[in-house]
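Trainee: coords.csv is the file, holding CSV, C-alpha atoms and all ligand atoms:
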```
chain,number,residue,atom,x,y,z
A,26,MET,CA,9.8,-61.8,-158.7
A,27,GLN,CA,9.8,-61.2,-162.4
A,28,ARG,CA,6.5,-60.6,-164.2
A,29,PHE,CA,7.1,-63.7,-166.4
A,30,ASP,CA,7.9,-66.2,-163.5
A,31,ARG,CA,4.5,-67.8,-163.8
A,32,ALA,CA,5.0,-68.3,-167.5
A,33,LEU,CA,8.4,-69.8,-166.8
A,34,HIS,CA,7.0,-72.3,-164.3
A,35,GLN,CA,4.6,-73.6,-167.0
A,36,CYS,CA,7.4,-74.5,-169.4
A,37,ILE,CA,7.6,-78.2,-170.2
A,38,SER,CA,11.4,-78.4,-169.8
A,39,LEU,CA,14.3,-76.6,-168.2
A,40,GLU,CA,15.8,-75.9,-171.6
A,41,ARG,CA,12.6,-74.2,-172.8
A,42,GLN,CA,12.4,-72.3,-169.5
A,43,ARG,CA,15.8,-70.9,-170.2
A,44,PHE,CA,15.0,-69.9,-173.7
A,45,LEU,CA,11.8,-68.2,-172.6
A,46,ASP,CA,13.7,-66.4,-169.9
A,47,VAL,CA,16.3,-65.2,-172.5
A,48,ALA,CA,13.5,-64.0,-174.9
A,49,CYS,CA,11.5,-62.1,-172.2
A,50,ALA,CA,14.6,-60.5,-170.6
A,51,THR,CA,16.0,-59.4,-174.0
A,52,ALA,CA,12.6,-58.1,-175.2
A,53,LEU,CA,12.3,-56.0,-171.9
A,54,ALA,CA,15.8,-54.6,-172.3
A,55,ALA,CA,15.3,-53.6,-175.9
A,56,GLY,CA,11.9,-52.2,-175.0
A,57,GLN,CA,13.5,-50.0,-172.4
A,58,LEU,CA,15.9,-48.6,-175.0
A,59,ILE,CA,13.0,-47.8,-177.3
A,60,ARG,CA,11.0,-46.2,-174.5
A,61,ASP,CA,13.9,-44.0,-173.6
A,62,ARG,CA,14.2,-42.8,-177.2
A,63,PHE,CA,10.5,-42.5,-178.0
A,64,HIS,CA,10.2,-38.7,-177.4
A,65,GLN,CA,13.6,-37.8,-178.9
A,66,PRO,CA,14.1,-36.6,-182.5
A,67,HIS,CA,14.6,-39.5,-184.9
A,68,ASP,CA,17.1,-40.2,-187.7
A,69,ILE,CA,14.8,-41.6,-190.3
A,70,HIS,CA,15.9,-43.4,-193.5
A,71,LEU,CA,13.9,-45.0,-196.3
A,72,LYS,CA,14.4,-48.7,-197.1
A,73,GLY,CA,11.8,-48.4,-199.9
A,74,ALA,CA,9.2,-45.7,-201.0
A,75,ILE,CA,7.3,-45.9,-197.7
A,76,ASP,CA,9.4,-48.5,-195.7
A,77,LEU,CA,11.3,-46.7,-192.9
A,78,VAL,CA,14.1,-47.5,-190.6
A,79,THR,CA,15.2,-45.3,-187.7
A,80,GLU,CA,18.3,-45.2,-185.5
A,81,THR,CA,16.3,-46.8,-182.8
A,82,ASP,CA,15.4,-49.9,-185.0
A,83,LEU,CA,19.2,-50.3,-185.5
A,84,ALA,CA,20.1,-49.7,-181.8
A,85,SER,CA,17.4,-52.1,-180.6
A,86,GLU,CA,18.7,-54.8,-183.0
A,87,ALA,CA,22.3,-54.2,-181.9
A,88,LEU,CA,21.3,-54.6,-178.3
A,89,ILE,CA,19.3,-57.8,-179.0
A,90,LEU,CA,22.1,-59.3,-181.1
A,91,ASP,CA,24.7,-58.5,-178.5
A,92,ARG,CA,22.6,-60.1,-175.7
A,93,LEU,CA,21.6,-63.2,-177.6
A,94,ALA,CA,25.3,-63.7,-178.7
A,95,LYS,CA,26.3,-63.7,-175.0
A,96,LEU,CA,23.4,-65.8,-173.7
A,97,THR,CA,23.0,-68.3,-176.5
A,98,PRO,CA,26.2,-68.2,-178.5
A,99,ASP,CA,25.4,-71.3,-180.5
A,100,ILE,CA,22.1,-70.2,-181.8
A,101,PRO,CA,22.0,-68.0,-184.9
A,102,VAL,CA,19.7,-65.0,-185.2
A,103,MET,CA,17.4,-64.0,-188.1
A,104,ALA,CA,16.9,-60.3,-187.5
A,105,GLU,CA,15.0,-57.8,-189.7
A,106,GLU,CA,17.7,-55.2,-190.2
A,107,SER,CA,20.6,-57.7,-190.7
A,108,SER,CA,21.2,-58.5,-194.3
A,109,ARG,CA,20.9,-62.1,-195.6
A,110,SER,CA,19.5,-63.4,-192.4
A,111,LEU,CA,16.6,-65.1,-194.2
A,112,SER,CA,19.1,-67.6,-195.4
A,113,LEU,CA,19.1,-69.1,-191.9
A,114,ARG,CA,15.8,-70.7,-192.7
A,115,SER,CA,17.5,-74.0,-193.4
A,116,GLN,CA,19.1,-74.1,-189.9
A,117,PRO,CA,17.5,-76.4,-187.3
A,118,GLN,CA,17.2,-73.7,-184.7
A,119,TYR,CA,17.4,-69.9,-184.7
A,120,TRP,CA,16.1,-66.8,-183.1
A,121,VAL,CA,13.7,-64.6,-185.1
A,122,VAL,CA,13.8,-60.9,-184.1
A,123,ASP,CA,11.9,-57.8,-185.0
A,124,PRO,CA,13.8,-55.1,-183.0
A,125,LEU,CA,11.0,-52.5,-183.5
A,126,ASP,CA,7.6,-53.5,-184.9
A,127,GLY,CA,5.6,-50.5,-185.9
A,128,THR,CA,8.4,-48.3,-187.2
A,129,THR,CA,6.0,-46.0,-189.0
A,130,ASN,CA,4.1,-45.5,-185.8
A,131,PHE,CA,7.4,-44.9,-183.9
A,132,ALA,CA,8.6,-42.3,-186.5
A,133,HIS,CA,5.4,-40.4,-186.2
A,134,GLY,CA,5.2,-40.5,-182.4
A,135,VAL,CA,2.2,-43.0,-182.4
A,136,PRO,CA,2.6,-45.1,-179.2
A,137,HIS,CA,1.8,-48.5,-180.7
A,138,ILE,CA,5.1,-50.4,-181.1
A,139,ALA,CA,6.7,-53.6,-180.0
A,140,VAL,CA,9.8,-55.8,-179.8
A,141,SER,CA,9.2,-59.4,-181.0
A,142,ILE,CA,11.6,-62.3,-180.3
A,143,ALA,CA,10.9,-66.0,-181.0
A,144,LEU,CA,12.9,-69.2,-181.1
A,145,LEU,CA,12.1,-71.5,-184.1
A,146,GLU,CA,13.1,-75.1,-184.2
A,147,ASN,CA,12.5,-76.9,-187.5
A,148,GLU,CA,10.5,-73.8,-188.6
A,149,LEU,CA,8.1,-74.1,-185.6
A,150,PRO,CA,8.0,-71.7,-182.7
A,151,LYS,CA,9.1,-73.0,-179.3
A,152,VAL,CA,9.1,-69.8,-177.3
A,153,GLY,CA,8.0,-66.2,-178.1
A,154,ALA,CA,8.0,-62.8,-176.4
A,155,ILE,CA,6.4,-59.5,-177.6
A,156,TYR,CA,6.9,-56.4,-175.5
A,157,HIS,CA,4.9,-53.1,-175.9
A,158,PRO,CA,7.3,-50.7,-174.1
A,159,LEU,CA,5.0,-47.8,-173.8
A,160,LEU,CA,2.1,-49.8,-172.2
A,161,ASP,CA,4.7,-51.9,-170.3
A,162,GLU,CA,2.9,-55.1,-171.5
A,163,LEU,CA,4.9,-58.2,-171.9
A,164,TYR,CA,3.3,-61.1,-173.9
A,165,CYS,CA,5.0,-64.4,-173.9
A,166,ALA,CA,4.4,-68.1,-174.7
A,167,SER,CA,6.2,-71.4,-174.7
A,168,LEU,CA,5.0,-74.5,-176.6
A,169,GLY,CA,2.7,-76.4,-174.3
A,170,GLY,CA,3.0,-73.7,-171.6
A,171,GLY,CA,0.2,-71.3,-172.5
A,172,SER,CA,0.1,-67.6,-173.5
A,173,TRP,CA,0.7,-64.9,-170.9
A,174,LEU,CA,0.3,-61.1,-170.6
A,175,ASN,CA,2.5,-60.0,-167.7
A,176,GLU,CA,1.4,-62.2,-164.8
A,177,ASP,CA,-1.8,-63.4,-166.3
A,178,ARG,CA,-2.6,-66.4,-168.6
A,179,VAL,CA,-4.6,-65.2,-171.6
A,180,GLN,CA,-7.1,-66.8,-174.0
A,181,VAL,CA,-8.6,-65.9,-177.3
A,182,THR,CA,-12.2,-64.7,-177.4
A,183,GLN,CA,-15.3,-66.9,-177.7
A,184,THR,CA,-16.9,-64.6,-180.3
A,185,PRO,CA,-19.1,-67.0,-182.4
A,186,GLU,CA,-20.2,-64.8,-185.3
A,187,LEU,CA,-18.5,-62.4,-187.7
A,188,ILE,CA,-20.9,-59.5,-187.1
A,189,SER,CA,-19.7,-59.3,-183.5
A,190,ALA,CA,-16.0,-59.6,-184.4
A,191,LEU,CA,-13.3,-56.9,-184.3
A,192,VAL,CA,-10.7,-57.8,-186.9
A,193,ALA,CA,-7.4,-56.2,-187.7
A,194,THR,CA,-5.4,-56.1,-190.9
A,195,GLY,CA,-2.4,-54.4,-192.3
A,196,PHE,CA,-1.1,-53.0,-195.6
A,197,PRO,CA,2.2,-54.2,-197.2
A,198,TYR,CA,4.9,-51.7,-198.0
A,199,ASP,CA,4.7,-52.8,-201.7
A,200,ILE,CA,1.2,-51.5,-201.8
A,201,GLU,CA,1.5,-50.2,-205.4
A,202,HIS,CA,1.7,-53.9,-206.5
A,203,SER,CA,-0.8,-55.3,-204.0
A,204,LEU,CA,-3.5,-52.6,-203.9
A,205,LEU,CA,-6.1,-54.6,-205.8
A,206,THR,CA,-5.6,-57.7,-203.7
A,207,VAL,CA,-5.7,-55.7,-200.4
A,208,LEU,CA,-8.9,-53.8,-201.5
A,209,ARG,CA,-10.6,-57.1,-202.6
A,210,HIS,CA,-10.0,-58.7,-199.2
A,211,LEU,CA,-11.1,-55.5,-197.4
A,212,SER,CA,-14.3,-55.2,-199.5
A,213,ARG,CA,-15.2,-58.8,-198.5
A,214,VAL,CA,-14.4,-58.6,-194.8
A,215,LEU,CA,-15.4,-55.1,-193.8
A,216,PRO,CA,-19.1,-55.4,-194.5
A,217,ARG,CA,-19.3,-58.7,-192.6
A,218,VAL,CA,-17.6,-57.8,-189.3
A,219,ARG,CA,-18.3,-55.3,-186.5
A,220,ASP,CA,-15.2,-53.2,-187.5
A,221,ILE,CA,-11.7,-53.3,-188.8
A,222,ARG,CA,-8.5,-51.9,-187.3
A,223,ARG,CA,-5.2,-51.1,-189.0
A,224,ALA,CA,-3.0,-50.3,-186.0
A,225,GLY,CA,0.4,-50.7,-187.7
A,226,ALA,CA,2.3,-53.4,-185.7
A,227,ALA,CA,1.6,-56.9,-186.8
A,228,ALA,CA,3.3,-58.5,-183.7
A,229,LEU,CA,0.8,-56.6,-181.5
A,230,ASP,CA,-2.1,-57.5,-183.8
A,231,LEU,CA,-1.3,-61.2,-183.1
A,232,ALA,CA,-0.7,-60.5,-179.4
A,233,TYR,CA,-4.1,-58.8,-179.2
A,234,VAL,CA,-5.8,-61.8,-180.9
A,235,ALA,CA,-4.1,-64.0,-178.2
A,236,CYS,CA,-5.3,-61.9,-175.3
A,237,GLY,CA,-8.9,-61.4,-176.6
A,238,ARG,CA,-8.7,-57.7,-177.7
A,239,LEU,CA,-9.2,-58.8,-181.3
A,240,ASP,CA,-11.2,-61.7,-182.7
A,241,GLY,CA,-9.0,-62.0,-185.8
A,242,PHE,CA,-6.2,-60.6,-187.9
A,243,TYR,CA,-5.2,-61.1,-191.5
A,244,GLU,CA,-2.4,-59.6,-193.7
A,245,ILE,CA,-0.4,-60.4,-196.8
A,246,ASN,CA,3.4,-60.3,-197.3
A,247,LEU,CA,4.4,-60.3,-193.7
A,248,GLN,CA,7.9,-61.5,-192.8
A,249,PRO,CA,9.0,-64.1,-190.2
A,250,TRP,CA,10.1,-61.5,-187.7
A,251,ASP,CA,6.6,-59.9,-187.8
A,252,THR,CA,4.8,-63.1,-187.0
A,253,ALA,CA,7.0,-65.9,-185.4
A,254,ALA,CA,6.4,-64.9,-181.7
A,255,GLY,CA,2.7,-63.9,-182.3
A,256,TRP,CA,2.0,-67.2,-184.1
A,257,LEU,CA,2.9,-69.2,-180.9
A,258,LEU,CA,1.0,-66.7,-178.7
A,259,VAL,CA,-2.2,-67.1,-180.7
A,260,GLU,CA,-2.0,-70.9,-180.8
A,261,GLU,CA,-1.1,-71.3,-177.1
A,262,ALA,CA,-4.1,-69.0,-176.3
A,263,GLY,CA,-6.5,-71.4,-178.1
A,264,GLY,CA,-6.5,-69.6,-181.5
A,265,ARG,CA,-5.6,-70.7,-185.0
A,266,LEU,CA,-3.3,-69.6,-187.8
A,267,SER,CA,-3.5,-70.6,-191.5
A,268,THR,CA,-3.1,-69.3,-195.0
A,269,PHE,CA,-6.2,-67.7,-196.6
A,270,ASP,CA,-7.2,-71.1,-198.0
A,271,ASP,CA,-6.8,-72.8,-194.6
A,272,SER,CA,-3.4,-74.5,-195.4
A,273,PRO,CA,-1.0,-74.8,-192.5
A,274,TYR,CA,0.6,-71.5,-191.6
A,275,SER,CA,4.4,-70.9,-192.0
A,276,PRO,CA,6.1,-67.5,-191.5
A,277,PHE,CA,7.7,-68.0,-194.9
A,278,VAL,CA,4.4,-68.0,-196.8
A,279,PRO,CA,2.9,-64.6,-197.8
A,280,GLN,CA,-0.6,-65.0,-196.2
A,281,LEU,CA,-1.5,-65.0,-192.6
A,282,LEU,CA,-5.0,-65.5,-191.1
A,283,ALA,CA,-5.2,-65.6,-187.3
A,284,SER,CA,-8.5,-66.1,-185.4
A,285,ASN,CA,-10.1,-67.2,-182.2
A,286,ASN,CA,-10.7,-70.5,-184.0
A,287,ARG,CA,-14.5,-70.3,-183.9
A,288,LEU,CA,-14.5,-67.7,-186.7
A,289,HIS,CA,-11.7,-69.3,-188.7
A,290,SER,CA,-13.8,-71.0,-191.4
A,291,ALA,CA,-16.0,-68.0,-191.9
A,292,LEU,CA,-13.0,-65.8,-192.4
A,293,VAL,CA,-11.4,-68.4,-194.8
A,294,GLN,CA,-14.7,-68.2,-196.8
A,295,LEU,CA,-14.2,-64.5,-197.2
A,296,LEU,CA,-10.5,-64.5,-197.9
A,297,LYS,CA,-9.8,-67.6,-200.0
K,301,LIG,C1,5.4,-53.6,-190.2
K,301,LIG,C2,4.2,-53.6,-189.2
K,301,LIG,C3,2.9,-53.3,-190.0
K,301,LIG,C4,2.7,-54.3,-191.1
K,301,LIG,C5,3.9,-54.3,-192.0
K,301,LIG,C6,5.1,-54.7,-191.3
K,301,LIG,P1,7.7,-52.9,-189.3
K,301,LIG,O1,6.6,-54.0,-189.5
K,301,LIG,O2,4.1,-54.8,-188.6
K,301,LIG,O3,1.8,-53.4,-189.1
K,301,LIG,O4,1.5,-53.9,-191.8
K,301,LIG,O5,3.6,-55.3,-193.0
K,301,LIG,O6,6.2,-54.7,-192.1
K,301,LIG,O7,8.3,-52.5,-190.6
K,301,LIG,O8,7.1,-51.7,-188.6
K,301,LIG,O9,8.7,-53.7,-188.4
K,302,CA,CA,7.6,-55.7,-188.3
K,303,CA,CA,10.7,-53.8,-187.6
```
Could you show the structure in this file as structure tokens?
Mentor:
Amino acid sequence: MQRFDRALHQCISLERQRFLDVACATALAAGQLIRDRFHQPHDIHLKGAIDLVTETDLASEALILDRLAKLTPDIPVMAEESSRSLSLRSQPQYWVVDPLDGTTNFAHGVPHIAVSIALLENELPKVGAIYHPLLDELYCASLGGGSWLNEDRVQVTQTPELISALVATGFPYDIEHSLLTVLRHLSRVLPRVRDIRRAGAAALDLAYVACGRLDGFYEINLQPWDTAAGWLLVEEAGGRLSTFDDSPYSPFVPQLLASNNRLHSALVQLLK
């Protein structure tokens, strides 16, 4: 029995079941590759002043692209390390892949990393899988079929007030341009909540909101591969995503606020 069989049985169609199966199996395979390389020396390159890519990001992406091409040859793939893939946005259906979320953690030996794979149809997520290879935690969701962590269905927290909330955030790689905005948001949120985390993997931040380890998460300038799978996980777990002014979320807009729903308006008041 596979750990995601219960999630598969909740899918509303056989087609969606197949896509969730592909997403989960592929995330597990890429995660195994990452796990095997975690303690090896890394070949680290700079994509920007502080934006890294390692040989393992590239190897994980190659494995994922190869598997998806074999399993779903008609569906194109928007993947972080493949150039021009953002142009796929106009396609009706495509996979969105972060082959290694938390590359800075990985490069420094910090064990907080993930693989993220989602299928978008008309820019909305239909299935999503996020795998933390070092904790061996597989998060997955299908539209209408709930959010799952390994064999268990998960829900967001019921935390009703900010002062009891643990909230995560992240800092964009272009921090020299966005520092004042980041500090303004932090200075408004930090004094009002129990504490803030900056753990360094946005896909896991969203998975943690979905499974109730965090009450909320916000960040600017994320990319579709950071958020597509986590978006579905949070919503299927009863949570909510929006922009900072509470407009509908899209992975192509530069603001993401995710919450357990109950805290959403209070967080919007701080961030808008
Ligand atoms: C990054 C991580 C980080 C977030 C950055 C992302 P990467 O993804 O998710 O937490 O703050 O904005 O780009 O580069 O490690 O895949
Ligand atoms: Ca990422
Ligand atoms: Ca990445």
Trainee: Return the single residue from A:Met103, A:Ala52, A:Leu296, A:Val152 that is closest to A:Ala32, with distances computed using all atoms listed in the file.
Mentor: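 Among the listed residues, the smallest separation from A:Ala32 belongs to A:Val152.
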Trainee: Neighbours of ligand LIG 301 (chain K) at 6 Å or closer, counting only C-alpha atoms and all ligand atoms: which residues, as a list in words?
Mentor: Leu125, Asp126, Gly127, Thr128, Thr129, Gly195, Phe196, Pro197, Gly225, Ala226, Ala227, Leu247 and Asp251 of chain A
Trainee: Store the residues picked out above in a file with C-alpha atoms, as a PDB file, in the frame of the given file.
Mentor:
```
ATOM      1  CA  LEU A 125      11.000 -52.500-183.500  1.00  0.00           C
ATOM      2  CA  ASP A 126       7.600 -53.500-184.900  1.00  0.00           C
ATOM      3  CA  GLY A 127       5.600 -50.500-185.900  1.00  0.00           C
ATOM      4  CA  THR A 128       8.400 -48.300-187.200  1.00  0.00           C
ATOM      5  CA  THR A 129       6.000 -46.000-189.000  1.00  0.00           C
ATOM      6  CA  GLY A 195      -2.400 -54.400-192.300  1.00  0.00           C
ATOM      7  CA  PHE A 196      -1.100 -53.000-195.600  1.00  0.00           C
ATOM      8  CA  PRO A 197       2.200 -54.200-197.200  1.00  0.00           C
ATOM      9  CA  GLY A 225       0.400 -50.700-187.700  1.00  0.00           C
ATOM     10  CA  ALA A 226       2.300 -53.400-185.700  1.00  0.00           C
ATOM     11  CA  ALA A 227       1.600 -56.900-186.800  1.00  0.00           C
ATOM     12  CA  LEU A 247       4.400 -60.300-193.700  1.00  0.00           C
ATOM     13  CA  ASP A 251       6.600 -59.900-187.800  1.00  0.00           C
TER      14      ASP A 251
END
```
Trainee: May I ask which of the residues A:Val207, A:Leu58, A:Ala253, A:Ala283 is the closest one to A:Gly241, counting only C-alpha atoms?
Mentor: A:Ala283
Trainee: For atom CA of A:Arg265 and atom CA of A:Arg287, determine how far apart the two atoms are, in Å to one decimal place.
Mentor: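 Taking atom CA of A:Arg265 and atom CA of A:Arg287, their separation equals 9.0 Å.
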Trainee: Grab the atom CA of A:Val122 to atom CA of A:Ser141 distance for me, in Å with one decimal place.
Mentor: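 Spanning atom CA of A:Val122 to atom CA of A:Ser141 is a straight-line distance of 5.7 Å.
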Trainee: Given all atoms listed in the file, how would the per-residue table for chain A near ligand CA 303 (chain K) read, listing every residue at most 12 Å away with its closest atom pair and distance in Å to one decimal, sorted by chain and number, as CSV?
Mentor:
```
residue,atom,partner,partner_atom,distance
A:Lys72,CA,K:CA303,CA,11.4
A:Asp76,CA,K:CA303,CA,9.8
A:Leu77,CA,K:CA303,CA,8.9
A:Val78,CA,K:CA303,CA,7.8
A:Thr79,CA,K:CA303,CA,9.6
A:Glu80,CA,K:CA303,CA,11.7
A:Thr81,CA,K:CA303,CA,10.2
A:Asp82,CA,K:CA303,CA,6.6
A:Leu83,CA,K:CA303,CA,9.4
A:Ala84,CA,K:CA303,CA,11.8
A:Ser85,CA,K:CA303,CA,9.8
A:Glu86,CA,K:CA303,CA,9.3
A:Ala104,CA,K:CA303,CA,9.0
A:Glu105,CA,K:CA303,CA,6.2
A:Glu106,CA,K:CA303,CA,7.6
A:Ser107,CA,K:CA303,CA,11.1
A:Val121,CA,K:CA303,CA,11.5
A:Val122,CA,K:CA303,CA,8.5
A:Asp123,CA,K:CA303,CA,4.9
A:Pro124,CA,K:CA303,CA,5.7
A:Leu125,CA,K:CA303,CA,4.3
A:Asp126,CA,K:CA303,CA,4.1
A:Gly127,CA,K:CA303,CA,6.3
A:Thr128,CA,K:CA303,CA,6.0
A:Thr129,CA,K:CA303,CA,9.2
A:Asn130,CA,K:CA303,CA,10.8
A:Phe131,CA,K:CA303,CA,10.2
A:Ala132,CA,K:CA303,CA,11.7
A:Ile138,CA,K:CA303,CA,9.2
A:Ala139,CA,K:CA303,CA,8.6
A:Val140,CA,K:CA303,CA,8.1
A:Ser141,CA,K:CA303,CA,8.8
A:Ile142,CA,K:CA303,CA,11.2
A:Gly225,CA,K:CA303,CA,10.8
A:Ala226,CA,K:CA303,CA,8.6
A:Ala227,CA,K:CA303,CA,9.6
A:Ala228,CA,K:CA303,CA,9.6
A:Leu229,CA,K:CA303,CA,12.0
A:Leu247,CA,K:CA303,CA,10.9
A:Gln248,CA,K:CA303,CA,9.7
A:Pro249,CA,K:CA303,CA,10.8
A:Trp250,CA,K:CA303,CA,7.7
A:Asp251,CA,K:CA303,CA,7.4
A:Thr252,CA,K:CA303,CA,11.0
```
Trainee: What does the distance from atom CA of A:Leu266 to atom CA of A:His202 come to in Å, to one decimal?
Mentor: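 Taking atom CA of A:Leu266 and atom CA of A:His202, their separation equals 24.9 Å.
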Trainee: Which residue gives the smallest distance to ligand CA 302 (chain K) among A:Arg60, A:Arg31, A:His137, A:Arg43, with all atoms listed in the file counted?
Mentor: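 Of A:Arg60, A:Arg31, A:His137, A:Arg43, the one nearest ligand CA 302 (chain K) is A:His137, counting all atoms listed in the file.
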Trainee: Taking a cut-off of 12 Å and counting only C-alpha atoms, can you build a table that, for each residue of stretch 142-234 of chain A near stretch 270-277 of chain A, reports the nearest atom pair and how far apart they are in Å (one decimal), sorted by chain then residue number, as CSV?
Mentor:
```
residue,atom,partner,partner_atom,distance
A:Ala143,CA,A:Pro276,CA,11.6
A:Leu145,CA,A:Pro276,CA,10.3
A:Asn147,CA,A:Ser275,CA,11.0
A:Glu148,CA,A:Ser275,CA,7.6
A:Leu149,CA,A:Ser275,CA,8.1
A:Pro150,CA,A:Pro276,CA,9.9
```
Trainee: Name all residues at most 12 Å from A:Arg178 (count all atoms listed in the file; drop same-chain ones fewer than 5 positions away) and give them as a PyMOL selection string.
Mentor: chain A and resi 28-33+35+163-167+170-173+235-237+258+261-263
Trainee: Near A:Asp230, within 8 Å and counting all atoms listed in the file, which residues show up once chain neighbours fewer than 5 positions away are dropped, as a list in words?
Mentor: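 Here the answer would be Ala193, Thr194, Ala224, Leu239 and Phe242 of chain A.
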Trainee: Rank A:Val293, A:Val179, A:Val102, A:Ile221 by their smallest atom-to-atom distance to A:Glu260, using only C-alpha atoms, and report the top residue only.
Mentor: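 Looking only at the distances to A:Glu260, the closest residue turns out to be A:Val179.
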Trainee: Under the rule that all atoms listed in the file are counted, which of A:Leu93, A:Val135, A:Asn246, A:Leu168 is the nearest residue to A:Gly153?
Mentor: A:Leu168
